[in-house]
>>> print(open('my_file39.pdb').read())   # PDB, C-alpha atoms and all ligand atoms
ATOM      1  CA  MET A   1     -21.890  10.889   3.259  1.00  0.00           C
ATOM      2  CA  LYS A   2     -25.568  10.289   4.041  1.00  0.00           C
ATOM      3  CA  GLN A   3     -26.439   6.654   4.718  1.00  0.00           C
ATOM      4  CA  SER A   4     -30.158   7.181   4.052  1.00  0.00           C
ATOM      5  CA  LEU A   5     -29.462   8.086   0.409  1.00  0.00           C
ATOM      6  CA  ILE A   6     -27.339   5.036  -0.437  1.00  0.00           C
ATOM      7  CA  THR A   7     -30.074   3.026  -2.158  1.00  0.00           C
ATOM      8  CA  GLN A   8     -31.017   5.943  -4.375  1.00  0.00           C
ATOM      9  CA  LYS A   9     -27.385   6.609  -5.220  1.00  0.00           C
ATOM     10  CA  ASN A  10     -26.749   2.986  -6.112  1.00  0.00           C
ATOM     11  CA  ARG A  11     -29.781   3.053  -8.404  1.00  0.00           C
ATOM     12  CA  LYS A  12     -28.415   6.185 -10.109  1.00  0.00           C
ATOM     13  CA  LEU A  13     -24.989   4.573 -10.492  1.00  0.00           C
ATOM     14  CA  ARG A  14     -26.464   1.456 -12.048  1.00  0.00           C
ATOM     15  CA  HIS A  15     -28.301   3.646 -14.513  1.00  0.00           C
ATOM     16  CA  LEU A  16     -25.168   5.655 -15.326  1.00  0.00           C
ATOM     17  CA  ARG A  17     -23.192   2.461 -15.893  1.00  0.00           C
ATOM     18  CA  GLU A  18     -25.811   1.226 -18.333  1.00  0.00           C
ATOM     19  CA  LEU A  19     -25.749   4.508 -20.227  1.00  0.00           C
ATOM     20  CA  TYR A  20     -21.966   4.970 -20.172  1.00  0.00           C
ATOM     21  CA  PRO A  21     -20.335   1.513 -19.827  1.00  0.00           C
ATOM     22  CA  GLU A  22     -16.961   2.907 -20.942  1.00  0.00           C
ATOM     23  CA  ILE A  23     -16.713   5.201 -17.902  1.00  0.00           C
ATOM     24  CA  ASN A  24     -15.409   3.739 -14.639  1.00  0.00           C
ATOM     25  CA  ILE A  25     -17.747   5.157 -12.005  1.00  0.00           C
ATOM     26  CA  GLN A  26     -17.275   4.467  -8.311  1.00  0.00           C
ATOM     27  CA  LEU A  27     -19.360   5.533  -5.348  1.00  0.00           C
ATOM     28  CA  LEU A  28     -17.212   6.733  -2.470  1.00  0.00           C
ATOM     29  CA  TYR A  29     -18.854   6.033   0.875  1.00  0.00           C
ATOM     30  CA  ARG A  30     -18.232   8.046   4.031  1.00  0.00           C
ATOM     31  CA  ARG A  31     -15.896   5.240   5.124  1.00  0.00           C
ATOM     32  CA  ASP A  32     -13.875   5.565   1.888  1.00  0.00           C
ATOM     33  CA  ILE A  33     -13.526   9.334   2.282  1.00  0.00           C
ATOM     34  CA  LEU A  34     -12.237   8.920   5.827  1.00  0.00           C
ATOM     35  CA  ARG A  35      -9.759   6.197   4.839  1.00  0.00           C
ATOM     36  CA  LEU A  36      -8.554   8.337   1.974  1.00  0.00           C
ATOM     37  CA  LEU A  37      -8.004  11.210   4.398  1.00  0.00           C
ATOM     38  CA  ALA A  38      -6.114   8.877   6.763  1.00  0.00           C
ATOM     39  CA  LYS A  39      -3.862   7.640   3.944  1.00  0.00           C
ATOM     40  CA  TYR A  40      -2.603  11.179   3.467  1.00  0.00           C
ATOM     41  CA  GLY A  41      -2.424  11.966   7.205  1.00  0.00           C
ATOM     42  CA  HIS A  42      -5.678  13.828   7.765  1.00  0.00           C
ATOM     43  CA  GLY A  43      -9.136  13.249   9.124  1.00  0.00           C
ATOM     44  CA  PRO A  44     -10.777  12.031  12.309  1.00  0.00           C
ATOM     45  CA  LEU A  45      -7.991   9.610  13.190  1.00  0.00           C
ATOM     46  CA  ALA A  46      -6.097  12.756  14.105  1.00  0.00           C
ATOM     47  CA  VAL A  47      -8.611  13.532  16.893  1.00  0.00           C
ATOM     48  CA  GLU A  48      -7.358  12.859  20.415  1.00  0.00           C
ATOM     49  CA  PRO A  49      -7.501  10.331  21.909  1.00  0.00           C
ATOM     50  CA  ARG A  50      -6.240   8.403  18.948  1.00  0.00           C
ATOM     51  CA  GLY A  51      -8.268   5.493  17.686  1.00  0.00           C
ATOM     52  CA  ALA A  52      -8.050   2.217  19.489  1.00  0.00           C
ATOM     53  CA  GLU A  53      -5.936  -0.285  17.660  1.00  0.00           C
ATOM     54  CA  ARG A  54      -6.999  -3.813  16.812  1.00  0.00           C
ATOM     55  CA  VAL A  55      -4.343  -6.387  15.903  1.00  0.00           C
ATOM     56  CA  LEU A  56      -4.765  -7.647  12.344  1.00  0.00           C
ATOM     57  CA  LEU A  57      -1.488  -9.578  12.003  1.00  0.00           C
ATOM     58  CA  THR A  58       0.600 -10.626  14.983  1.00  0.00           C
ATOM     59  CA  ALA A  59       4.380 -10.238  15.041  1.00  0.00           C
ATOM     60  CA  GLN A  60       4.666 -14.030  14.903  1.00  0.00           C
ATOM     61  CA  GLN A  61       2.433 -14.328  11.821  1.00  0.00           C
ATOM     62  CA  ILE A  62       4.471 -11.637  10.078  1.00  0.00           C
ATOM     63  CA  GLN A  63       7.818 -13.217  10.921  1.00  0.00           C
ATOM     64  CA  GLN A  64       6.654 -16.640   9.752  1.00  0.00           C
ATOM     65  CA  ARG A  65       5.399 -15.274   6.416  1.00  0.00           C
ATOM     66  CA  VAL A  66       8.502 -13.138   5.827  1.00  0.00           C
ATOM     67  CA  GLN A  67      10.661 -16.226   6.275  1.00  0.00           C
ATOM     68  CA  GLU A  68       8.530 -18.153   3.752  1.00  0.00           C
ATOM     69  CA  LEU A  69       8.803 -15.299   1.244  1.00  0.00           C
ATOM     70  CA  GLY A  70      12.571 -15.159   1.734  1.00  0.00           C
ATOM     71  CA  GLU A  71      12.896 -18.883   1.060  1.00  0.00           C
ATOM     72  CA  GLU A  72      10.704 -18.651  -2.045  1.00  0.00           C
ATOM     73  CA  ILE A  73      12.700 -15.737  -3.463  1.00  0.00           C
ATOM     74  CA  THR A  74      15.985 -17.505  -2.696  1.00  0.00           C
ATOM     75  CA  ARG A  75      14.807 -20.572  -4.635  1.00  0.00           C
ATOM     76  CA  ASP A  76      13.564 -18.495  -7.599  1.00  0.00           C
ATOM     77  CA  TYR A  77      16.773 -16.480  -7.961  1.00  0.00           C
ATOM     78  CA  GLN A  78      19.320 -19.284  -7.429  1.00  0.00           C
ATOM     79  CA  GLY A  79      22.596 -18.460  -9.194  1.00  0.00           C
ATOM     80  CA  GLN A  80      21.688 -14.799  -9.708  1.00  0.00           C
ATOM     81  CA  GLU A  81      22.670 -11.565  -8.058  1.00  0.00           C
ATOM     82  CA  ILE A  82      19.802  -9.192  -7.305  1.00  0.00           C
ATOM     83  CA  VAL A  83      19.237  -5.540  -6.500  1.00  0.00           C
ATOM     84  CA  LEU A  84      16.727  -5.183  -3.698  1.00  0.00           C
ATOM     85  CA  ILE A  85      14.978  -1.825  -3.939  1.00  0.00           C
ATOM     86  CA  GLY A  86      12.848  -0.707  -0.985  1.00  0.00           C
ATOM     87  CA  VAL A  87      10.327   2.121  -1.119  1.00  0.00           C
ATOM     88  CA  LEU A  88      10.837   4.434   1.844  1.00  0.00           C
ATOM     89  CA  ARG A  89       9.753   4.768   4.485  1.00  0.00           C
ATOM     90  CA  GLY A  90       7.086   2.197   5.235  1.00  0.00           C
ATOM     91  CA  VAL A  91       9.240  -0.665   3.978  1.00  0.00           C
ATOM     92  CA  VAL A  92      12.067  -0.470   6.540  1.00  0.00           C
ATOM     93  CA  CYS A  93      10.908  -3.266   8.898  1.00  0.00           C
ATOM     94  CA  PHE A  94       9.882  -5.612   6.098  1.00  0.00           C
ATOM     95  CA  MET A  95      13.041  -5.000   4.070  1.00  0.00           C
ATOM     96  CA  ALA A  96      15.334  -5.519   7.058  1.00  0.00           C
ATOM     97  CA  ASP A  97      13.638  -8.805   7.992  1.00  0.00           C
ATOM     98  CA  LEU A  98      13.237 -10.093   4.445  1.00  0.00           C
ATOM     99  CA  MET A  99      16.850  -9.565   3.405  1.00  0.00           C
ATOM    100  CA  ARG A 100      18.053 -11.700   6.294  1.00  0.00           C
ATOM    101  CA  HIS A 101      16.113 -14.618   4.816  1.00  0.00           C
ATOM    102  CA  LEU A 102      17.622 -14.167   1.348  1.00  0.00           C
ATOM    103  CA  ASP A 103      20.519 -16.494   0.768  1.00  0.00           C
ATOM    104  CA  LEU A 104      21.686 -14.689  -2.385  1.00  0.00           C
ATOM    105  CA  PRO A 105      24.310 -12.114  -3.322  1.00  0.00           C
ATOM    106  CA  LEU A 106      22.394  -8.828  -3.229  1.00  0.00           C
ATOM    107  CA  GLN A 107      22.689  -5.094  -3.127  1.00  0.00           C
ATOM    108  CA  MET A 108      20.312  -2.957  -1.099  1.00  0.00           C
ATOM    109  CA  GLU A 109      18.898   0.254  -2.531  1.00  0.00           C
ATOM    110  CA  PHE A 110      16.157   2.661  -1.519  1.00  0.00           C
ATOM    111  CA  LEU A 111      13.784   4.922  -3.371  1.00  0.00           C
ATOM    112  CA  GLU A 112      11.875   7.695  -1.665  1.00  0.00           C
ATOM    113  CA  ILE A 113       8.677   9.055  -3.108  1.00  0.00           C
ATOM    114  CA  SER A 114       6.202  11.771  -2.329  1.00  0.00           C
ATOM    115  CA  HIS A 115       2.512  11.706  -3.140  1.00  0.00           C
ATOM    116  CA  TYR A 116       2.145  15.441  -3.232  1.00  0.00           C
ATOM    117  CA  GLY A 117       4.851  16.676  -5.551  1.00  0.00           C
ATOM    118  CA  VAL A 118       6.809  19.877  -5.286  1.00  0.00           C
ATOM    119  CA  GLU A 119       4.751  22.991  -5.846  1.00  0.00           C
ATOM    120  CA  GLY A 120       5.168  24.052  -9.452  1.00  0.00           C
ATOM    121  CA  GLY A 121       7.353  20.998 -10.063  1.00  0.00           C
ATOM    122  CA  PRO A 122       6.636  17.921 -12.132  1.00  0.00           C
ATOM    123  CA  GLY A 123       4.576  16.306  -9.395  1.00  0.00           C
ATOM    124  CA  ALA A 124       2.294  19.261  -8.756  1.00  0.00           C
ATOM    125  CA  GLY A 125      -1.251  18.082  -9.247  1.00  0.00           C
ATOM    126  CA  GLY A 126      -1.079  15.241  -6.778  1.00  0.00           C
ATOM    127  CA  GLU A 127       0.721  12.483  -8.629  1.00  0.00           C
ATOM    128  CA  VAL A 128       3.708  10.544  -7.332  1.00  0.00           C
ATOM    129  CA  THR A 129       7.238  11.939  -7.596  1.00  0.00           C
ATOM    130  CA  VAL A 130      10.620  10.434  -6.752  1.00  0.00           C
ATOM    131  CA  THR A 131      12.297  12.517  -4.052  1.00  0.00           C
ATOM    132  CA  ARG A 132      15.336  10.230  -3.709  1.00  0.00           C
ATOM    133  CA  ASP A 133      16.335   7.908  -6.524  1.00  0.00           C
ATOM    134  CA  VAL A 134      18.339   4.660  -6.380  1.00  0.00           C
ATOM    135  CA  GLN A 135      22.084   5.282  -6.261  1.00  0.00           C
ATOM    136  CA  ALA A 136      23.359   2.182  -8.070  1.00  0.00           C
ATOM    137  CA  ALA A 137      23.066   1.551 -11.800  1.00  0.00           C
ATOM    138  CA  VAL A 138      20.466  -1.145 -12.410  1.00  0.00           C
ATOM    139  CA  GLU A 139      20.823  -1.521 -16.163  1.00  0.00           C
ATOM    140  CA  GLY A 140      20.896  -5.194 -17.152  1.00  0.00           C
ATOM    141  CA  ARG A 141      20.367  -6.382 -13.558  1.00  0.00           C
ATOM    142  CA  SER A 142      17.619  -8.364 -11.787  1.00  0.00           C
ATOM    143  CA  VAL A 143      15.595  -6.000  -9.625  1.00  0.00           C
ATOM    144  CA  LEU A 144      13.296  -6.972  -6.783  1.00  0.00           C
ATOM    145  CA  LEU A 145      11.112  -4.039  -5.789  1.00  0.00           C
ATOM    146  CA  VAL A 146      10.023  -4.320  -2.151  1.00  0.00           C
ATOM    147  CA  GLU A 147       6.840  -2.534  -1.035  1.00  0.00           C
ATOM    148  CA  ASP A 148       5.001  -2.311   2.263  1.00  0.00           C
ATOM    149  CA  ILE A 149       1.485  -2.167   0.877  1.00  0.00           C
ATOM    150  CA  VAL A 150      -0.273  -1.991  -2.467  1.00  0.00           C
ATOM    151  CA  ASP A 151      -3.635  -0.280  -2.357  1.00  0.00           C
ATOM    152  CA  THR A 152      -5.057   1.214  -5.592  1.00  0.00           C
ATOM    153  CA  GLY A 153      -1.808   0.279  -7.378  1.00  0.00           C
ATOM    154  CA  MET A 154      -1.174   3.853  -8.485  1.00  0.00           C
ATOM    155  CA  THR A 155       2.155   4.168  -6.659  1.00  0.00           C
ATOM    156  CA  LEU A 156       3.398   0.801  -7.867  1.00  0.00           C
ATOM    157  CA  GLN A 157       2.422   1.515 -11.447  1.00  0.00           C
ATOM    158  CA  PHE A 158       4.416   4.739 -11.294  1.00  0.00           C
ATOM    159  CA  LEU A 159       7.415   3.011  -9.673  1.00  0.00           C
ATOM    160  CA  LEU A 160       7.494   0.217 -12.228  1.00  0.00           C
ATOM    161  CA  ARG A 161       7.491   2.711 -15.075  1.00  0.00           C
ATOM    162  CA  HIS A 162      10.277   4.630 -13.330  1.00  0.00           C
ATOM    163  CA  LEU A 163      12.405   1.513 -12.829  1.00  0.00           C
ATOM    164  CA  TRP A 164      11.878   0.075 -16.295  1.00  0.00           C
ATOM    165  CA  SER A 165      13.188   3.364 -17.739  1.00  0.00           C
ATOM    166  CA  LYS A 166      16.554   2.380 -16.222  1.00  0.00           C
ATOM    167  CA  ARG A 167      16.593  -0.723 -18.444  1.00  0.00           C
ATOM    168  CA  PRO A 168      17.048  -3.503 -15.861  1.00  0.00           C
ATOM    169  CA  ALA A 169      17.073  -7.133 -17.064  1.00  0.00           C
ATOM    170  CA  SER A 170      13.974  -7.866 -14.966  1.00  0.00           C
ATOM    171  CA  VAL A 171      11.775  -6.316 -12.288  1.00  0.00           C
ATOM    172  CA  ALA A 172       9.670  -8.377  -9.881  1.00  0.00           C
ATOM    173  CA  VAL A 173       7.518  -6.989  -7.089  1.00  0.00           C
ATOM    174  CA  CYS A 174       7.348  -8.225  -3.518  1.00  0.00           C
ATOM    175  CA  THR A 175       4.792  -6.601  -1.216  1.00  0.00           C
ATOM    176  CA  LEU A 176       4.067  -7.462   2.381  1.00  0.00           C
ATOM    177  CA  LEU A 177       0.424  -6.394   2.213  1.00  0.00           C
ATOM    178  CA  ASP A 178      -2.052  -6.346  -0.611  1.00  0.00           C
ATOM    179  CA  LYS A 179      -5.419  -4.575  -0.392  1.00  0.00           C
ATOM    180  CA  ARG A 180      -6.520  -6.282  -3.562  1.00  0.00           C
ATOM    181  CA  VAL A 181     -10.171  -5.210  -3.257  1.00  0.00           C
ATOM    182  CA  ARG A 182      -9.088  -1.590  -3.736  1.00  0.00           C
ATOM    183  CA  ARG A 183      -7.126  -2.109  -6.955  1.00  0.00           C
ATOM    184  CA  MET A 184      -7.701   0.437  -9.719  1.00  0.00           C
ATOM    185  CA  HIS A 185      -4.496  -0.140 -11.728  1.00  0.00           C
ATOM    186  CA  GLU A 186      -3.516  -3.666 -12.686  1.00  0.00           C
ATOM    187  CA  VAL A 187       0.003  -4.275 -11.398  1.00  0.00           C
ATOM    188  CA  PRO A 188       2.084  -7.477 -11.451  1.00  0.00           C
ATOM    189  CA  ILE A 189       2.802  -8.741  -7.930  1.00  0.00           C
ATOM    190  CA  ARG A 190       5.060 -11.785  -7.836  1.00  0.00           C
ATOM    191  CA  TYR A 191       5.442 -12.176  -4.055  1.00  0.00           C
ATOM    192  CA  ARG A 192       2.657 -11.269  -1.654  1.00  0.00           C
ATOM    193  CA  GLY A 193       2.812 -11.551   2.141  1.00  0.00           C
ATOM    194  CA  PHE A 194      -0.834 -11.144   3.054  1.00  0.00           C
ATOM    195  CA  GLU A 195      -4.001 -10.077   1.321  1.00  0.00           C
ATOM    196  CA  ILE A 196      -5.824  -7.776   3.732  1.00  0.00           C
ATOM    197  CA  PRO A 197      -9.307  -6.232   3.839  1.00  0.00           C
ATOM    198  CA  ASP A 198     -10.018  -2.591   3.060  1.00  0.00           C
ATOM    199  CA  GLU A 199      -8.884  -1.138   6.398  1.00  0.00           C
ATOM    200  CA  PHE A 200      -6.350   1.535   7.291  1.00  0.00           C
ATOM    201  CA  VAL A 201      -3.443  -0.318   8.869  1.00  0.00           C
ATOM    202  CA  VAL A 202      -0.427   0.787  10.902  1.00  0.00           C
ATOM    203  CA  GLY A 203       2.637  -0.830  12.451  1.00  0.00           C
ATOM    204  CA  TYR A 204       5.663  -2.819  11.252  1.00  0.00           C
ATOM    205  CA  GLY A 205       6.867   0.266   9.366  1.00  0.00           C
ATOM    206  CA  LEU A 206       3.470   1.676   8.384  1.00  0.00           C
ATOM    207  CA  ASP A 207       2.501   4.997   9.923  1.00  0.00           C
ATOM    208  CA  TYR A 208      -0.357   7.304  10.597  1.00  0.00           C
ATOM    209  CA  GLN A 209       0.925  10.880  10.769  1.00  0.00           C
ATOM    210  CA  GLY A 210       4.443   9.571  11.343  1.00  0.00           C
ATOM    211  CA  LEU A 211       3.487   7.439  14.351  1.00  0.00           C
ATOM    212  CA  TYR A 212       3.012   3.682  14.986  1.00  0.00           C
ATOM    213  CA  ARG A 213       5.864   2.561  12.697  1.00  0.00           C
ATOM    214  CA  ASN A 214       7.594   0.830  15.613  1.00  0.00           C
ATOM    215  CA  LEU A 215       4.768  -1.608  16.431  1.00  0.00           C
ATOM    216  CA  PRO A 216       5.991  -5.203  15.913  1.00  0.00           C
ATOM    217  CA  HIS A 217       2.520  -6.196  14.675  1.00  0.00           C
ATOM    218  CA  ILE A 218       0.089  -4.719  12.150  1.00  0.00           C
ATOM    219  CA  GLY A 219      -3.049  -3.133  13.537  1.00  0.00           C
ATOM    220  CA  VAL A 220      -6.176  -1.363  12.374  1.00  0.00           C
ATOM    221  CA  LEU A 221      -6.981   2.078  13.733  1.00  0.00           C
ATOM    222  CA  THR A 222     -10.587   2.737  14.635  1.00  0.00           C
ATOM    223  CA  PRO A 223     -11.253   6.437  14.897  1.00  0.00           C
ATOM    224  CA  VAL A 224     -13.085   7.587  18.033  1.00  0.00           C
ATOM    225  CA  GLU A 225     -14.493  10.932  19.101  1.00  0.00           C
ATOM    226  CA  PRO A 226     -12.963  12.469  22.226  1.00  0.00           C
ATOM    227  CA  LYS A 227     -15.737  11.002  24.401  1.00  0.00           C
ATOM    228  CA  GLY A 228     -15.117   7.545  23.031  1.00  0.00           C
ATOM    229  CA  LYS A 229     -18.018   7.375  20.605  1.00  0.00           C
ATOM    230  CA  VAL A 230     -17.108   5.422  17.462  1.00  0.00           C
ATOM    231  CA  LEU A 231     -17.292   7.695  14.401  1.00  0.00           C
ATOM    232  CA  LEU A 232     -17.483   5.062  11.754  1.00  0.00           C
ATOM    233  CA  PRO A 233     -20.438   2.695  11.812  1.00  0.00           C
ATOM    234  CA  ALA A 234     -19.109  -0.478  10.246  1.00  0.00           C
ATOM    235  CA  ASP A 235     -21.816  -0.494   7.596  1.00  0.00           C
ATOM    236  CA  THR A 236     -21.557   3.069   6.241  1.00  0.00           C
TER     237      THR A 236
HETATM  238  P1  LIG B 301      -1.610   3.160  -3.762  1.00  0.00           P
HETATM  239  O1  LIG B 301      -0.827   4.069  -4.642  1.00  0.00           O
HETATM  240  O2  LIG B 301      -1.443   1.702  -4.085  1.00  0.00           O
HETATM  241  O3  LIG B 301      -3.068   3.551  -3.678  1.00  0.00           O
HETATM  242  O4  LIG B 301      -1.102   3.421  -2.281  1.00  0.00           O
HETATM  243  C1  LIG B 301       0.102   2.919  -1.819  1.00  0.00           C
HETATM  244  C2  LIG B 301       0.655   3.745  -0.698  1.00  0.00           C
HETATM  245  O5  LIG B 301      -0.372   4.301   0.129  1.00  0.00           O
HETATM  246  C3  LIG B 301       1.494   2.876   0.217  1.00  0.00           C
HETATM  247  O6  LIG B 301       2.825   2.843  -0.207  1.00  0.00           O
HETATM  248  C4  LIG B 301       1.307   3.550   1.571  1.00  0.00           C
HETATM  249  O7  LIG B 301       2.239   4.587   1.697  1.00  0.00           O
HETATM  250  C5  LIG B 301      -0.065   4.169   1.503  1.00  0.00           C
HETATM  251  N1  LIG B 301      -1.096   3.299   2.122  1.00  0.00           N
HETATM  252  C6  LIG B 301      -2.075   2.639   1.492  1.00  0.00           C
HETATM  253  N2  LIG B 301      -2.852   1.975   2.368  1.00  0.00           N
HETATM  254  C7  LIG B 301      -2.337   2.214   3.586  1.00  0.00           C
HETATM  255  C8  LIG B 301      -2.694   1.779   4.916  1.00  0.00           C
HETATM  256  O8  LIG B 301      -3.645   1.033   5.169  1.00  0.00           O
HETATM  257  N3  LIG B 301      -1.900   2.236   5.919  1.00  0.00           N
HETATM  258  C9  LIG B 301      -0.843   3.066   5.723  1.00  0.00           C
HETATM  259  N4  LIG B 301      -0.147   3.447   6.803  1.00  0.00           N
HETATM  260  N5  LIG B 301      -0.480   3.482   4.485  1.00  0.00           N
HETATM  261  C10 LIG B 301      -1.215   3.058   3.440  1.00  0.00           C
END
>>> encode(input="my_file39.pdb", output="structure tokens", more="lines below")
Ligand code: 5GP
Amino acid sequence: MKQSLITQKNRKLRHLRELYPEINIQLLYRRDILRLLAKYGHGPLAVEPRGAERVLLTAQQIQQRVQELGEEITRDYQGQEIVLIGVLRGVVCFMADLMRHLDLPLQMEFLEISHYGVEGGPGAGGEVTVTRDVQAAVEGRSVLLVEDIVDTGMTLQFLLRHLWSKRPASVAVCTLLDKRVRRMHEVPIRYRGFEIPDEFVVGYGLDYQGLYRNLPHIGVLTPVEPKGKVLLPADT
């Protein structure tokens, strides 16, 4: 959290990596801690007034790309019937737009997950759990899993394992956004809308504390203190 100690910490990390190359060590900066808090609905973004929002992708850019993805998927799956599975709730805008560009026979399904798990239940301990499963049988069918955003890849890795246990003929992944620089789990992404930088984004289905999902564009929230002072220096 202290910028003045960064050089020393990096030196220590380099040393640790040399000593223990088999251990994956990462330094979390102040910025990373705050983004992590935001991902789970906490932190300074919650301070009023809410952070100003900067447009990262305009509605027009999104619509154009979604159409291209739809055409690509239609070409790839010619002659097949697919099951489109969306991960609630961030995917609603993307899924609704994408499916209207798919000229294929398809069924629409949704999965709902929670990152916290039920206390005492299988998800306790912070991993992902399925709170609402797909309703249709997918055994032997071609599945296209539709995601809003892939960040570390943890959620997607879990979802793929969950879906493959239902023995579909194939599973391909389509995500609107990819924060590739943050990846910790290697996951196969067949269709990608946009690769985006490591920023906390909202809009077009994506929320912060349940809000902003209805924005037609995708924006970045910059947290501010009540008096308007920016909390996050860009270089921390
Ligand atoms: P992962 O498991 O890949 O680290 O995280 C994926 C999930 O975290 C997404 O499905 C989404 O719910 C949430 N997430 C990751 N990055 C962002 C972001 O920038 N904005 C919002 N609103 N949610 C995010």
>>> resolve_selection(input="my_file39.pdb", expression="the PyMOL selection byres (((not hetatm)) within 7 of (chain B and resi 301))", output="PyMOL selection string")
chain A and resi 39+90+147-156+199-202+206-208
>>> resolve_selection(input="my_file39.pdb", expression="the PyMOL selection byres (((chain A and resi 99-103) around 8) and not hetatm)", output="short mmCIF file (atom, residue, chain, number, x, y, z; two decimals) with C-alpha atoms, in the coordinates of the input")
data_model
loop_
_atom_site.label_atom_id
_atom_site.label_comp_id
_atom_site.auth_asym_id
_atom_site.auth_seq_id
_atom_site.Cartn_x
_atom_site.Cartn_y
_atom_site.Cartn_z
CA VAL A 66 8.50 -13.14 5.83
CA GLN A 67 10.66 -16.23 6.28
CA GLY A 70 12.57 -15.16 1.73
CA GLU A 71 12.90 -18.88 1.06
CA ILE A 73 12.70 -15.74 -3.46
CA THR A 74 15.98 -17.50 -2.70
CA MET A 95 13.04 -5.00 4.07
CA ALA A 96 15.33 -5.52 7.06
CA ASP A 97 13.64 -8.80 7.99
CA LEU A 98 13.24 -10.09 4.44
CA LEU A 104 21.69 -14.69 -2.38
CA PRO A 105 24.31 -12.11 -3.32
#
>>> atom_distance(input="my_file39.pdb", atom1="CA of Leu145 in chain A", atom2="CA of Gly203 in chain A")
20.4 Å
>>> closest_residue(input="my_file39.pdb", among="A:Ala136, A:His185, A:Thr58, A:Ile23", to="Pro216 in chain A", atoms="only C-alpha atoms")
A:Thr58
>>> closest_residue(input="my_file39.pdb", among="A:Lys179, A:Arg141, A:Arg213, A:Lys2", to="Gln107 in chain A", atoms="all atoms listed in the file")
A:Arg141
>>> closest_residue(input="my_file39.pdb", among="A:Met108, A:Ala137, A:Val187, A:Ile196", to="Gly219 in chain A", atoms="all atoms listed in the file")
A:Ile196
>>> closest_residue(input="my_file39.pdb", among="A:Met1, A:His15, A:Val171, A:Gln157", to="Ile33 in chain A", atoms="only C-alpha atoms")
A:Met1
>>> closest_residue(input="my_file39.pdb", among="A:Ile82, A:Cys93, A:Leu5, A:Leu19", to="Ile62 in chain A", atoms="all atoms listed in the file")
A:Cys93
>>> resolve_selection(input="my_file39.pdb", expression="the PyMOL selection byres (((chain A and resi 142) around 10) and not hetatm)", output="list in words")
Tyr77, Gln80, Glu81, Ile82, Val83, Leu84, Leu106, Val138, Glu139, Gly140, Arg141, Val143, Leu144, Leu145, Pro168, Ala169, Ser170, Val171 and Ala172 of chain A
>>> atom_distance(input="my_file39.pdb", atom1="CA of Tyr191 in chain A", atom2="CA of Leu37 in chain A")
28.3 Å
>>> residues_around(input="my_file39.pdb", residues="Arg89 in chain A", least_positions_apart="2", cutoff="9 Å", atoms="only C-alpha atoms", output="list of chain:residue names")
A:Gly86, A:Val87, A:Val91, A:Val92, A:Leu111, A:Glu112, A:Ile113, A:Asp148, A:Gly205, A:Leu206
>>> atom_distance(input="my_file39.pdb", atom1="CA of Leu69 in chain A", atom2="CA of Arg161 in chain A")
24.3 Å
>>> axis_aligned_box(input="my_file39.pdb", around="range 165-180 of chain A", padding_each_side="5 Å", output="AutoDock Vina command-line options")
--center_x 5.3 --center_y -2.5 --center_z -8.0 --size_x 33.6 --size_y 21.7 --size_z 30.8
>>> closest_residue(input="my_file39.pdb", among="A:Ile218, A:Val128, A:Leu16, A:Ile85", to="Val173 in chain A", atoms="only C-alpha atoms")
A:Ile85
